[in-house]
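Text of my_file-v3.cif, listed as mmCIF, C-alpha atoms and all ligand atoms:
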data_start
#
loop_
_atom_site.label_atom_id
_atom_site.label_comp_id
_atom_site.auth_asym_id
_atom_site.auth_seq_id
_atom_site.Cartn_x
_atom_site.Cartn_y
_atom_site.Cartn_z
CA MET A 1 175.46 101.97 73.32
CA GLY A 2 173.75 104.30 70.86
CA LYS A 3 172.60 107.78 71.73
CA LEU A 4 169.24 108.24 73.42
CA ILE A 5 167.05 110.75 71.60
CA ASP A 6 165.34 112.70 74.36
CA GLY A 7 161.91 113.49 72.93
CA LYS A 8 160.65 114.74 76.25
CA ALA A 9 163.39 117.39 76.52
CA PHE A 10 162.93 118.40 72.86
CA ALA A 11 159.16 118.70 73.40
CA ASN A 12 159.73 120.85 76.50
CA ARG A 13 162.01 123.19 74.53
CA LEU A 14 159.50 123.45 71.68
CA CYS A 15 156.74 124.22 74.17
CA GLU A 16 158.82 126.95 75.85
CA THR A 17 159.21 128.67 72.48
CA LEU A 18 155.49 128.26 71.80
CA ALA A 19 154.61 129.71 75.22
CA GLU A 20 156.58 132.86 74.34
CA GLU A 21 154.81 133.08 71.00
CA VAL A 22 151.39 132.64 72.66
CA ALA A 23 152.24 135.39 75.17
CA SER A 24 153.08 137.83 72.37
CA LEU A 25 149.97 136.87 70.35
CA LYS A 26 147.93 137.68 73.45
CA SER A 27 149.56 141.00 74.25
CA GLU A 28 150.19 142.30 70.73
CA LYS A 29 147.34 140.80 68.70
CA GLN A 30 144.69 140.16 71.38
CA LEU A 31 144.66 136.56 70.12
CA THR A 32 144.41 133.58 72.47
CA PRO A 33 144.83 130.29 70.58
CA CYS A 34 142.09 127.83 71.53
CA ILE A 35 141.66 124.10 70.91
CA ALA A 36 138.48 122.07 71.40
CA VAL A 37 139.20 118.47 72.41
CA VAL A 38 136.34 116.04 71.92
CA LEU A 39 136.28 112.69 73.72
CA VAL A 40 133.50 110.20 73.09
CA GLY A 41 133.14 107.37 75.62
CA GLU A 42 135.14 106.17 78.60
CA ASP A 43 138.31 104.57 77.20
CA PRO A 44 140.83 105.11 80.05
CA ALA A 45 143.87 105.47 77.76
CA SER A 46 142.04 108.10 75.66
CA ALA A 47 141.03 109.97 78.81
CA THR A 48 144.70 110.02 79.91
CA TYR A 49 145.86 111.42 76.54
CA VAL A 50 143.17 114.11 76.61
CA GLY A 51 144.26 115.05 80.14
CA ALA A 52 147.88 115.37 78.99
CA LYS A 53 146.84 117.62 76.07
CA VAL A 54 144.75 119.91 78.30
CA LYS A 55 147.64 120.17 80.79
CA ARG A 56 150.08 121.20 78.03
CA CYS A 57 147.59 123.86 76.86
CA GLU A 58 147.48 125.31 80.38
CA GLN A 59 151.29 125.49 80.53
CA LEU A 60 151.41 127.34 77.21
CA GLY A 61 148.54 129.76 77.82
CA ILE A 62 146.45 128.11 75.10
CA ASP A 63 142.72 127.93 75.88
CA SER A 64 141.27 124.42 75.80
CA ARG A 65 137.66 123.34 75.81
CA SER A 66 136.93 119.73 76.65
CA HIS A 67 133.77 118.13 75.30
CA HIS A 68 133.16 114.76 76.90
CA LEU A 69 130.31 112.91 75.19
CA ASP A 70 128.57 109.73 76.27
CA VAL A 71 129.65 106.40 74.72
CA THR A 72 126.15 106.10 73.14
CA THR A 73 126.50 109.43 71.24
CA SER A 74 125.25 109.16 67.65
CA GLU A 75 127.26 110.22 64.62
CA GLU A 76 124.67 112.92 63.97
CA GLU A 77 125.15 114.40 67.47
CA LEU A 78 128.93 114.43 67.07
CA LEU A 79 128.67 116.03 63.61
CA SER A 80 126.43 118.69 65.03
CA LEU A 81 128.99 119.52 67.76
CA ILE A 82 131.73 119.73 65.10
CA ASP A 83 129.54 122.04 63.05
CA SER A 84 129.14 124.42 65.98
CA LEU A 85 132.91 124.33 66.70
CA ASN A 86 133.65 124.98 62.99
CA ASN A 87 131.46 128.07 63.21
CA ASP A 88 132.82 129.34 66.54
CA PRO A 89 135.38 132.06 65.76
CA ALA A 90 137.00 131.67 69.21
CA VAL A 91 137.96 128.03 68.41
CA HIS A 92 141.06 127.55 66.22
CA GLY A 93 141.69 123.83 66.54
CA ILE A 94 139.40 120.80 66.78
CA LEU A 95 140.62 117.37 67.84
CA VAL A 96 138.35 114.35 68.09
CA GLN A 97 140.22 111.73 70.11
CA LEU A 98 140.42 108.41 68.24
CA PRO A 99 139.18 105.73 68.30
CA VAL A 100 135.50 106.67 68.43
CA PRO A 101 132.74 104.16 69.37
CA LYS A 102 131.70 101.81 66.58
CA GLN A 103 128.35 103.47 65.76
CA ILE A 104 130.35 106.50 64.56
CA ASN A 105 132.16 106.57 61.21
CA SER A 106 135.52 108.15 62.02
CA GLU A 107 136.16 109.12 58.39
CA ALA A 108 132.93 111.14 58.25
CA VAL A 109 133.84 112.86 61.51
CA ILE A 110 137.41 113.73 60.46
CA ASN A 111 136.25 115.15 57.13
CA ALA A 112 133.53 117.23 58.82
CA ILE A 113 136.19 119.26 60.66
CA SER A 114 137.09 122.48 58.87
CA PRO A 115 140.50 121.77 57.24
CA ASP A 116 141.97 124.95 58.75
CA LYS A 117 140.94 123.79 62.25
CA ASP A 118 142.11 120.20 61.66
CA VAL A 119 145.07 120.28 64.06
CA ASP A 120 145.47 116.48 63.71
CA GLY A 121 146.08 116.89 59.97
CA PHE A 122 143.78 113.96 59.20
CA HIS A 123 141.27 115.76 56.92
CA ILE A 124 141.36 114.42 53.38
CA SER A 125 142.21 117.84 51.93
CA ASN A 126 145.18 118.22 54.31
CA VAL A 127 146.32 114.69 53.39
CA GLY A 128 146.04 115.58 49.68
CA ALA A 129 147.85 118.89 50.18
CA MET A 130 150.73 117.05 51.82
CA ALA A 131 150.83 114.48 49.02
CA VAL A 132 151.57 117.25 46.48
CA GLY A 133 154.01 119.10 48.75
CA GLN A 134 151.65 121.90 49.79
CA ASN A 135 151.73 121.07 53.50
CA ASN A 136 148.96 122.73 55.49
CA MET A 137 148.25 120.92 58.76
CA VAL A 138 150.76 118.06 59.18
CA PRO A 139 149.87 115.08 61.45
CA CYS A 140 151.48 115.53 64.86
CA THR A 141 153.25 112.18 65.36
CA PRO A 142 155.04 112.20 61.98
CA LEU A 143 155.80 115.93 62.36
CA GLY A 144 157.36 115.36 65.78
CA SER A 145 159.30 112.35 64.52
CA MET A 146 160.73 114.43 61.65
CA MET A 147 161.82 117.17 64.08
CA LEU A 148 163.74 114.58 66.11
CA LEU A 149 165.31 113.06 62.98
CA GLU A 150 166.45 116.40 61.55
CA ASP A 151 167.78 117.50 64.92
CA GLU A 152 169.79 114.29 65.13
CA LEU A 153 170.94 113.90 61.52
CA GLY A 154 170.68 117.31 59.86
CA ASP A 155 170.11 116.82 56.13
CA LEU A 156 168.25 113.56 55.47
CA SER A 157 168.63 113.52 51.69
CA GLY A 158 169.71 110.24 50.14
CA LEU A 159 169.28 108.24 53.34
CA ASN A 160 167.42 104.93 53.18
CA ALA A 161 164.30 105.19 55.34
CA VAL A 162 162.10 102.22 56.20
CA VAL A 163 158.71 102.86 57.80
CA VAL A 164 157.10 99.76 59.29
CA GLY A 165 153.34 100.41 59.31
CA ARG A 166 151.09 102.10 56.75
CA SER A 167 148.28 103.63 58.80
CA ASN A 168 146.73 106.92 57.73
CA ILE A 169 147.67 108.55 61.02
CA VAL A 170 151.32 107.49 61.31
CA GLY A 171 152.94 105.29 58.67
CA LYS A 172 151.70 106.90 55.44
CA PRO A 173 152.21 110.56 56.44
CA MET A 174 155.62 109.66 57.90
CA ALA A 175 156.64 108.13 54.56
CA THR A 176 155.37 111.26 52.74
CA LEU A 177 157.45 113.58 54.96
CA LEU A 178 160.59 111.45 54.59
CA LEU A 179 160.14 111.50 50.80
CA GLN A 180 159.77 115.31 50.92
CA LYS A 181 163.19 115.38 52.58
CA SER A 182 164.60 113.25 49.72
CA CYS A 183 165.00 109.99 51.60
CA THR A 184 164.68 106.75 49.64
CA VAL A 185 161.56 105.48 51.35
CA THR A 186 160.27 101.93 51.81
CA VAL A 187 156.90 101.38 53.48
CA ALA A 188 156.65 97.93 55.06
CA HIS A 189 153.49 96.29 56.44
CA SER A 190 151.99 92.94 57.38
CA ARG A 191 152.35 91.57 53.83
CA THR A 192 155.99 92.58 53.44
CA LYS A 193 158.29 89.68 52.57
CA ASP A 194 161.41 89.20 54.69
CA LEU A 195 160.83 92.23 56.90
CA PRO A 196 164.10 91.72 58.85
CA ALA A 197 166.10 92.04 55.60
CA VAL A 198 164.11 95.13 54.54
CA CYS A 199 164.78 96.76 57.91
CA ARG A 200 168.49 95.98 57.72
CA GLY A 201 168.73 98.31 54.73
CA ALA A 202 167.51 101.27 56.78
CA ASP A 203 169.63 104.25 57.80
CA ILE A 204 166.40 105.53 59.37
CA LEU A 205 164.00 102.95 60.79
CA VAL A 206 160.54 104.04 61.95
CA ALA A 207 158.44 101.46 63.81
CA ALA A 208 154.68 102.14 63.90
CA VAL A 209 153.17 98.69 64.23
CA GLY A 210 151.44 98.40 67.59
CA ILE A 211 153.15 95.16 68.68
CA PRO A 212 155.41 95.30 71.78
CA HIS A 213 159.12 94.62 71.08
CA PHE A 214 158.29 93.65 67.48
CA VAL A 215 161.48 95.02 65.86
CA LYS A 216 164.51 92.99 66.93
CA ALA A 217 168.10 94.18 67.39
CA ASP A 218 169.38 92.01 64.52
CA TRP A 219 166.99 93.80 62.08
CA ILE A 220 168.84 97.05 62.70
CA LYS A 221 171.83 98.24 60.68
CA GLU A 222 174.79 99.21 62.86
CA GLY A 223 174.57 102.94 63.55
CA ALA A 224 171.02 103.42 62.19
CA THR A 225 168.67 106.02 63.68
CA VAL A 226 165.60 104.34 65.15
CA ILE A 227 162.29 106.12 65.81
CA ASP A 228 159.97 104.01 67.94
CA VAL A 229 156.40 105.28 67.58
CA GLY A 230 154.80 102.32 69.39
CA ILE A 231 152.87 102.85 72.62
CA ASN A 232 152.00 99.48 74.14
CA ARG A 233 150.90 98.79 77.68
CA ILE A 234 152.20 95.43 78.89
CA GLN A 235 152.47 93.60 82.17
CA ASP A 236 156.11 93.29 83.15
CA PRO A 237 156.84 89.54 83.57
CA GLU A 238 159.30 90.27 86.40
CA THR A 239 157.47 92.85 88.49
CA GLY A 240 153.88 92.09 87.43
CA LYS A 241 153.34 95.83 87.07
CA ASN A 242 151.90 97.53 83.97
CA ARG A 243 154.43 99.41 81.93
CA LEU A 244 154.69 101.22 78.61
CA VAL A 245 156.90 99.76 75.87
CA GLY A 246 157.50 100.58 72.24
CA ASP A 247 157.44 98.50 69.05
CA VAL A 248 161.23 98.04 69.22
CA ASP A 249 163.09 95.62 71.48
CA PHE A 250 164.76 98.63 73.06
CA ASP A 251 167.18 96.97 75.51
CA ALA A 252 168.91 95.01 72.73
CA ALA A 253 168.38 97.56 69.94
CA LYS A 254 170.07 100.43 71.80
CA ASP A 255 173.44 98.68 71.47
CA VAL A 256 173.18 98.44 67.67
CA ALA A 257 171.48 101.72 66.79
CA GLY A 258 173.44 104.94 66.39
CA ALA A 259 170.55 106.79 68.04
CA ILE A 260 167.16 105.64 69.27
CA THR A 261 164.02 107.10 70.86
CA PRO A 262 162.92 105.54 74.17
CA VAL A 263 159.32 104.73 75.15
CA PRO A 264 158.14 106.53 77.18
CA GLY A 265 159.94 109.85 76.66
CA GLY A 266 160.46 109.70 72.89
CA VAL A 267 157.86 110.31 70.20
CA GLY A 268 154.85 110.53 72.57
CA PRO A 269 155.71 113.91 74.12
CA MET A 270 156.54 115.24 70.62
CA THR A 271 153.03 114.34 69.44
CA ILE A 272 151.49 116.57 72.09
CA ALA A 273 154.01 119.39 71.52
CA CYS A 274 153.24 119.32 67.79
CA LEU A 275 149.53 119.49 68.55
CA MET A 276 150.28 122.76 70.38
CA TYR A 277 152.40 123.88 67.40
CA ASN A 278 149.53 123.18 64.98
CA THR A 279 147.04 124.96 67.25
CA VAL A 280 149.17 128.13 67.33
CA ALA A 281 149.64 127.90 63.54
CA ALA A 282 145.86 127.47 63.03
CA ALA A 283 145.08 130.44 65.28
CA LYS A 284 147.49 132.66 63.34
CA LYS A 285 146.23 131.52 59.95
CA LEU A 286 142.56 131.93 60.87
CA SER A 287 143.31 135.42 62.21
CA GLY A 288 145.26 136.47 59.12
CA ILE A 289 148.62 136.64 60.95
CA ALA A 290 151.56 135.27 58.92
N1 LIG B 301 153.63 108.04 70.04
C1 LIG B 301 152.48 108.53 69.60
O1 LIG B 301 152.24 109.69 69.75
C2 LIG B 301 151.55 107.65 68.89
C3 LIG B 301 151.73 106.31 68.97
N2 LIG B 301 150.93 105.45 68.29
C4 LIG B 301 151.28 104.03 68.41
O2 LIG B 301 151.92 103.62 67.19
C5 LIG B 301 151.61 102.27 66.89
C6 LIG B 301 150.99 102.21 65.51
O3 LIG B 301 149.81 102.97 65.50
P1 LIG B 301 148.84 103.02 64.21
O4 LIG B 301 149.64 103.39 63.03
O5 LIG B 301 147.68 103.82 64.61
O6 LIG B 301 148.43 101.45 64.13
P2 LIG B 301 147.54 100.64 63.09
O7 LIG B 301 147.07 99.43 63.82
O8 LIG B 301 146.56 101.52 62.42
O9 LIG B 301 148.60 100.19 61.97
C7 LIG B 301 149.56 99.23 62.26
C8 LIG B 301 150.39 98.97 61.02
O10 LIG B 301 151.33 97.95 61.34
C9 LIG B 301 151.31 96.95 60.37
N3 LIG B 301 151.58 95.63 60.91
C10 LIG B 301 150.81 94.93 61.79
N4 LIG B 301 151.37 93.73 62.03
C11 LIG B 301 152.50 93.67 61.30
C12 LIG B 301 153.49 92.69 61.09
N5 LIG B 301 153.42 91.50 61.70
N6 LIG B 301 154.51 92.96 60.26
C13 LIG B 301 154.58 94.15 59.61
N7 LIG B 301 153.67 95.12 59.76
C14 LIG B 301 152.64 94.88 60.58
C15 LIG B 301 149.92 96.98 59.78
O11 LIG B 301 149.97 96.41 58.47
P3 LIG B 301 148.67 96.22 57.54
O12 LIG B 301 148.35 97.60 57.04
O13 LIG B 301 149.15 95.31 56.47
O14 LIG B 301 147.61 95.64 58.41
C16 LIG B 301 149.58 98.44 59.84
O15 LIG B 301 149.96 99.09 58.64
C17 LIG B 301 150.69 101.82 68.04
O16 LIG B 301 151.51 101.23 69.03
C18 LIG B 301 150.10 103.12 68.56
O17 LIG B 301 149.72 103.02 69.90
C19 LIG B 301 149.93 105.92 67.47
C20 LIG B 301 149.68 107.26 67.37
C21 LIG B 301 150.45 108.24 68.11
N1 LIG B 302 142.71 112.38 67.21
C1 LIG B 302 143.77 111.79 67.78
N2 LIG B 302 144.98 112.39 67.71
C2 LIG B 302 146.07 111.81 68.29
O1 LIG B 302 147.19 112.35 68.21
C3 LIG B 302 145.90 110.55 68.97
C4 LIG B 302 144.62 109.98 69.00
N3 LIG B 302 143.57 110.62 68.40
N4 LIG B 302 144.42 108.79 69.62
C5 LIG B 302 145.49 108.12 70.33
C6 LIG B 302 146.87 108.45 69.79
C7 LIG B 302 148.00 108.18 70.75
N5 LIG B 302 148.60 109.46 71.01
C8 LIG B 302 149.59 109.69 71.95
C9 LIG B 302 149.91 110.94 72.40
C10 LIG B 302 150.84 111.15 73.41
C11 LIG B 302 151.49 110.11 73.98
C12 LIG B 302 152.45 110.36 75.09
O2 LIG B 302 152.63 111.47 75.53
N6 LIG B 302 153.12 109.34 75.65
C13 LIG B 302 154.05 109.44 76.74
C14 LIG B 302 153.67 108.55 77.91
C15 LIG B 302 152.27 108.71 78.38
C16 LIG B 302 151.88 107.66 79.42
O3 LIG B 302 152.67 107.43 80.35
O4 LIG B 302 150.81 107.06 79.24
C17 LIG B 302 155.43 109.02 76.29
O5 LIG B 302 155.51 108.25 75.30
O6 LIG B 302 156.39 109.39 76.92
C18 LIG B 302 151.22 108.84 73.53
C19 LIG B 302 150.27 108.63 72.52
C20 LIG B 302 147.92 110.42 70.34
N7 LIG B 302 146.95 109.90 69.59
#
Render the structure in this file as structure tokens.
Ligand SMILES: NC(=O)C1=CN([C@@H]2O[C@H](COP(=O)(O)OP(=O)(O)OC[C@H]3O[C@@H](n4cnc5c(N)ncnc54)[C@H](OP(=O)(O)O)[C@@H]3O)[C@@H](O)[C@H]2O)C=CC1
Ligand SMILES: Nc1nc(=O)c2c([nH]1)NC[C@@H]1CN(c3ccc(C(=O)N[C@@H](CCC(=O)O)C(=O)O)cc3)C=[N+]21
Amino acid sequence: MGKLIDGKAFANRLCETLAEEVASLKSEKQLTPCIAVVLVGEDPASATYVGAKVKRCEQLGIDSRSHHLDVTTSEEELLSLIDSLNNDPAVHGILVQLPVPKQINSEAVINAISPDKDVDGFHISNVGAMAVGQNNMVPCTPLGSMMLLEDELGDLSGLNAVVVGRSNIVGKPMATLLLQKSCTVTVAHSRTKDLPAVCRGADILVAAVGIPHFVKADWIKEGATVIDVGINRIQDPETGKNRLVGDVDFDAAKDVAGAITPVPGGVGPMTIACLMYNTVAAAKKLSGIA
């Protein structure tokens, strides 16, 4: 069996380091990093994620402000809240939990956030900066995935990386980061021909599709490193209970892969830890601390 990549333990270690940094920012610079988390509507999964983010902030000594808006909130109302958070010097990071209700244009909302407070790294100017190698705020899930990959493999240069999925929040920025580390990158998606064969060429395989158990064991090259970004809630056919599974058929894939992230306990905890990392970085940058 391949090695399990323990994202939860890595995230805990990263957060311990960040907690020490936050403590010294408080005592030496009178700076308390602060993130505003905005949730629109009542989606239960979104509410759970927001809860997990707020809890992590508490552990690290980061201030968090939750703004819970009604599902009927207009785009104008949300933009006005963002404007006030942009102009609040005590707030260093702004995160609007996605998805937002359909009357709100998510692109307009993301691009209304001040790029230096955009701890998700979704603002078009942060995306552009990353595209030309001038990384500012890097999206949390790809950033966390890269930390796990470099911890596992060291230098990534020359490795064949296949990213399945091309979303703006995961697949595309992941491909950009892998290319920055000199991987030979293939981005696969729903129009890709012979996806199993494409995946078999991967030394690094990243699955960000949103379909439970989509990537099969016989798509994986012996010894490859597999990063499973998928978070899918399914009903277990045996127990009837709800459980969380990834985009990779983990039970079979773990015997072929050299190393693999589990779900839960893999990329998910890294996403939240990297949100804390970006919040501390934003607080320092906005306060003129290197
Ligand atoms: N662990 C974490 O912290 C996070 C986990 N996630 C999870 O990651 C997964 C992906 O999220 P996200 O990127 O937002 O999803 P999107 O739905 O935005 O994108 C899914 C991508 O998968 C591709 N795809 C869909 N079906 C197929 C197929 N049959 N064959 C090949 N490619 C296919 C799509 O291709 P096309 O573009 O052609 O339609 C698309 O590019 C989800 O499970 C999500 O819950 C997301 C964010 C954070
Ligand atoms: N603006 C915005 N930024 C995001 O970063 C963002 C978002 N919107 N919308 C939704 C997705 C999803 N996402 C996850 C974060 C943590 C876990 C996570 O911690 N998962 C745990 C399990 C949690 C559980 O048990 O439910 C794990 O995988 O071990 C998962 C998914 C962030 N997202």
Residues near Ala11 (chain A), cut-off 8 Å, only C-alpha atoms, skip fewer than 2 positions along chain, as a list in words: Gly7, Lys8, Ala9, Arg13, Leu14, Cys15, Pro269, Met270 and Ala273 of chain A
Close residues to ligand LIG 302 (chain B) using only C-alpha atoms and all ligand atoms, limit 8 Å, as number ranges by chain: A: 7-8, 45-46, 48-49, 52, 95-99, 120, 139-141, 231, 244, 262-272, 275
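Candidate residues A:Ile169, A:Leu18, A:Leu178, A:Met147 were compared for distance to Ile110 (chain A), and the nearest is A:Ile169, using only C-alpha atoms.
Each of A:Leu195, A:Val248, A:Leu31, A:Val91 was checked against ligand LIG 301 (chain B) using all atoms listed in the file; the smallest atom-to-atom distance is that of A:Leu195.
The neighbours of Trp219 (chain A) here are the residues that come within 6 Å of it, using all atoms listed in the file and leaving out any residue fewer than 5 positions away in the same chain; they are Pro196, Cys199 and Arg200 of chain A.
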Output C-alpha atoms for every residue in the selection just made, as a compact mmCIF listing (two decimals), in the coordinates of the input.
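Saved as part.txt:
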# COMPACT_ATOMS: atom_id res chain seq x y z
CA PRO A 196 164.10 91.72 58.85
CA CYS A 199 164.78 96.76 57.91
CA ARG A 200 168.49 95.98 57.72
Mind rebuilding region 122-146 of chain A with N, CA and C atoms and writing that out as a PDB file, keeping the file's coordinate frame?
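Generated output (selection33.pdb):
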ATOM      1  N   PHE A 122     144.353 115.195  59.748  1.00  0.00           N
ATOM      2  CA  PHE A 122     143.780 113.960  59.200  1.00  0.00           C
ATOM      3  C   PHE A 122     142.755 114.210  58.090  1.00  0.00           C
ATOM      4  N   HIS A 123     142.286 115.461  57.938  1.00  0.00           N
ATOM      5  CA  HIS A 123     141.270 115.760  56.920  1.00  0.00           C
ATOM      6  C   HIS A 123     141.800 115.428  55.532  1.00  0.00           C
ATOM      7  N   ILE A 124     140.911 114.890  54.699  1.00  0.00           N
ATOM      8  CA  ILE A 124     141.360 114.420  53.380  1.00  0.00           C
ATOM      9  C   ILE A 124     142.011 115.534  52.559  1.00  0.00           C
ATOM     10  N   SER A 125     141.587 116.787  52.742  1.00  0.00           N
ATOM     11  CA  SER A 125     142.210 117.840  51.930  1.00  0.00           C
ATOM     12  C   SER A 125     143.602 118.188  52.471  1.00  0.00           C
ATOM     13  N   ASN A 126     143.823 118.029  53.771  1.00  0.00           N
ATOM     14  CA  ASN A 126     145.180 118.220  54.310  1.00  0.00           C
ATOM     15  C   ASN A 126     146.101 117.061  53.899  1.00  0.00           C
ATOM     16  N   VAL A 127     145.550 115.848  53.838  1.00  0.00           N
ATOM     17  CA  VAL A 127     146.320 114.690  53.390  1.00  0.00           C
ATOM     18  C   VAL A 127     146.722 114.893  51.924  1.00  0.00           C
ATOM     19  N   GLY A 128     145.758 115.338  51.106  1.00  0.00           N
ATOM     20  CA  GLY A 128     146.040 115.580  49.680  1.00  0.00           C
ATOM     21  C   GLY A 128     147.051 116.694  49.488  1.00  0.00           C
ATOM     22  N   ALA A 129     146.910 117.764  50.281  1.00  0.00           N
ATOM     23  CA  ALA A 129     147.850 118.890  50.180  1.00  0.00           C
ATOM     24  C   ALA A 129     149.272 118.403  50.449  1.00  0.00           C
ATOM     25  N   MET A 130     149.409 117.556  51.467  1.00  0.00           N
ATOM     26  CA  MET A 130     150.730 117.050  51.820  1.00  0.00           C
ATOM     27  C   MET A 130     151.287 116.153  50.703  1.00  0.00           C
ATOM     28  N   ALA A 131     150.399 115.400  50.075  1.00  0.00           N
ATOM     29  CA  ALA A 131     150.830 114.480  49.020  1.00  0.00           C
ATOM     30  C   ALA A 131     151.445 115.221  47.836  1.00  0.00           C
ATOM     31  N   VAL A 132     150.994 116.480  47.588  1.00  0.00           N
ATOM     32  CA  VAL A 132     151.570 117.250  46.480  1.00  0.00           C
ATOM     33  C   VAL A 132     152.545 118.322  46.969  1.00  0.00           C
ATOM     34  N   GLY A 133     152.965 118.200  48.232  1.00  0.00           N
ATOM     35  CA  GLY A 133     154.010 119.100  48.750  1.00  0.00           C
ATOM     36  C   GLY A 133     153.508 120.464  49.165  1.00  0.00           C
ATOM     37  N   GLN A 134     152.183 120.610  49.329  1.00  0.00           N
ATOM     38  CA  GLN A 134     151.650 121.900  49.790  1.00  0.00           C
ATOM     39  C   GLN A 134     151.162 121.735  51.223  1.00  0.00           C
ATOM     40  N   ASN A 135     152.092 121.415  52.125  1.00  0.00           N
ATOM     41  CA  ASN A 135     151.730 121.070  53.500  1.00  0.00           C
ATOM     42  C   ASN A 135     150.904 122.181  54.155  1.00  0.00           C
ATOM     43  N   ASN A 136     149.785 121.786  54.728  1.00  0.00           N
ATOM     44  CA  ASN A 136     148.960 122.730  55.490  1.00  0.00           C
ATOM     45  C   ASN A 136     149.054 122.319  56.945  1.00  0.00           C
ATOM     46  N   MET A 137     148.155 121.457  57.410  1.00  0.00           N
ATOM     47  CA  MET A 137     148.250 120.920  58.760  1.00  0.00           C
ATOM     48  C   MET A 137     148.886 119.529  58.652  1.00  0.00           C
ATOM     49  N   VAL A 138     150.040 119.331  59.277  1.00  0.00           N
ATOM     50  CA  VAL A 138     150.760 118.060  59.180  1.00  0.00           C
ATOM     51  C   VAL A 138     150.482 117.221  60.430  1.00  0.00           C
ATOM     52  N   PRO A 139     150.163 115.918  60.285  1.00  0.00           N
ATOM     53  CA  PRO A 139     149.870 115.080  61.450  1.00  0.00           C
ATOM     54  C   PRO A 139     150.979 115.129  62.507  1.00  0.00           C
ATOM     55  N   CYS A 140     150.562 115.207  63.759  1.00  0.00           N
ATOM     56  CA  CYS A 140     151.480 115.530  64.860  1.00  0.00           C
ATOM     57  C   CYS A 140     152.577 114.492  65.095  1.00  0.00           C
ATOM     58  N   THR A 141     152.247 113.208  65.053  1.00  0.00           N
ATOM     59  CA  THR A 141     153.250 112.180  65.360  1.00  0.00           C
ATOM     60  C   THR A 141     154.349 112.150  64.291  1.00  0.00           C
ATOM     61  N   PRO A 142     153.983 112.126  62.998  1.00  0.00           N
ATOM     62  CA  PRO A 142     155.040 112.200  61.980  1.00  0.00           C
ATOM     63  C   PRO A 142     155.802 113.527  62.026  1.00  0.00           C
ATOM     64  N   LEU A 143     155.114 114.628  62.280  1.00  0.00           N
ATOM     65  CA  LEU A 143     155.800 115.930  62.360  1.00  0.00           C
ATOM     66  C   LEU A 143     156.836 115.917  63.485  1.00  0.00           C
ATOM     67  N   GLY A 144     156.443 115.432  64.644  1.00  0.00           N
ATOM     68  CA  GLY A 144     157.360 115.360  65.780  1.00  0.00           C
ATOM     69  C   GLY A 144     158.517 114.413  65.518  1.00  0.00           C
ATOM     70  N   SER A 145     158.236 113.316  64.841  1.00  0.00           N
ATOM     71  CA  SER A 145     159.300 112.350  64.520  1.00  0.00           C
ATOM     72  C   SER A 145     160.308 112.976  63.562  1.00  0.00           C
ATOM     73  N   MET A 146     159.816 113.761  62.595  1.00  0.00           N
ATOM     74  CA  MET A 146     160.730 114.430  61.650  1.00  0.00           C
ATOM     75  C   MET A 146     161.601 115.452  62.368  1.00  0.00           C
TER      76      MET A 146
END
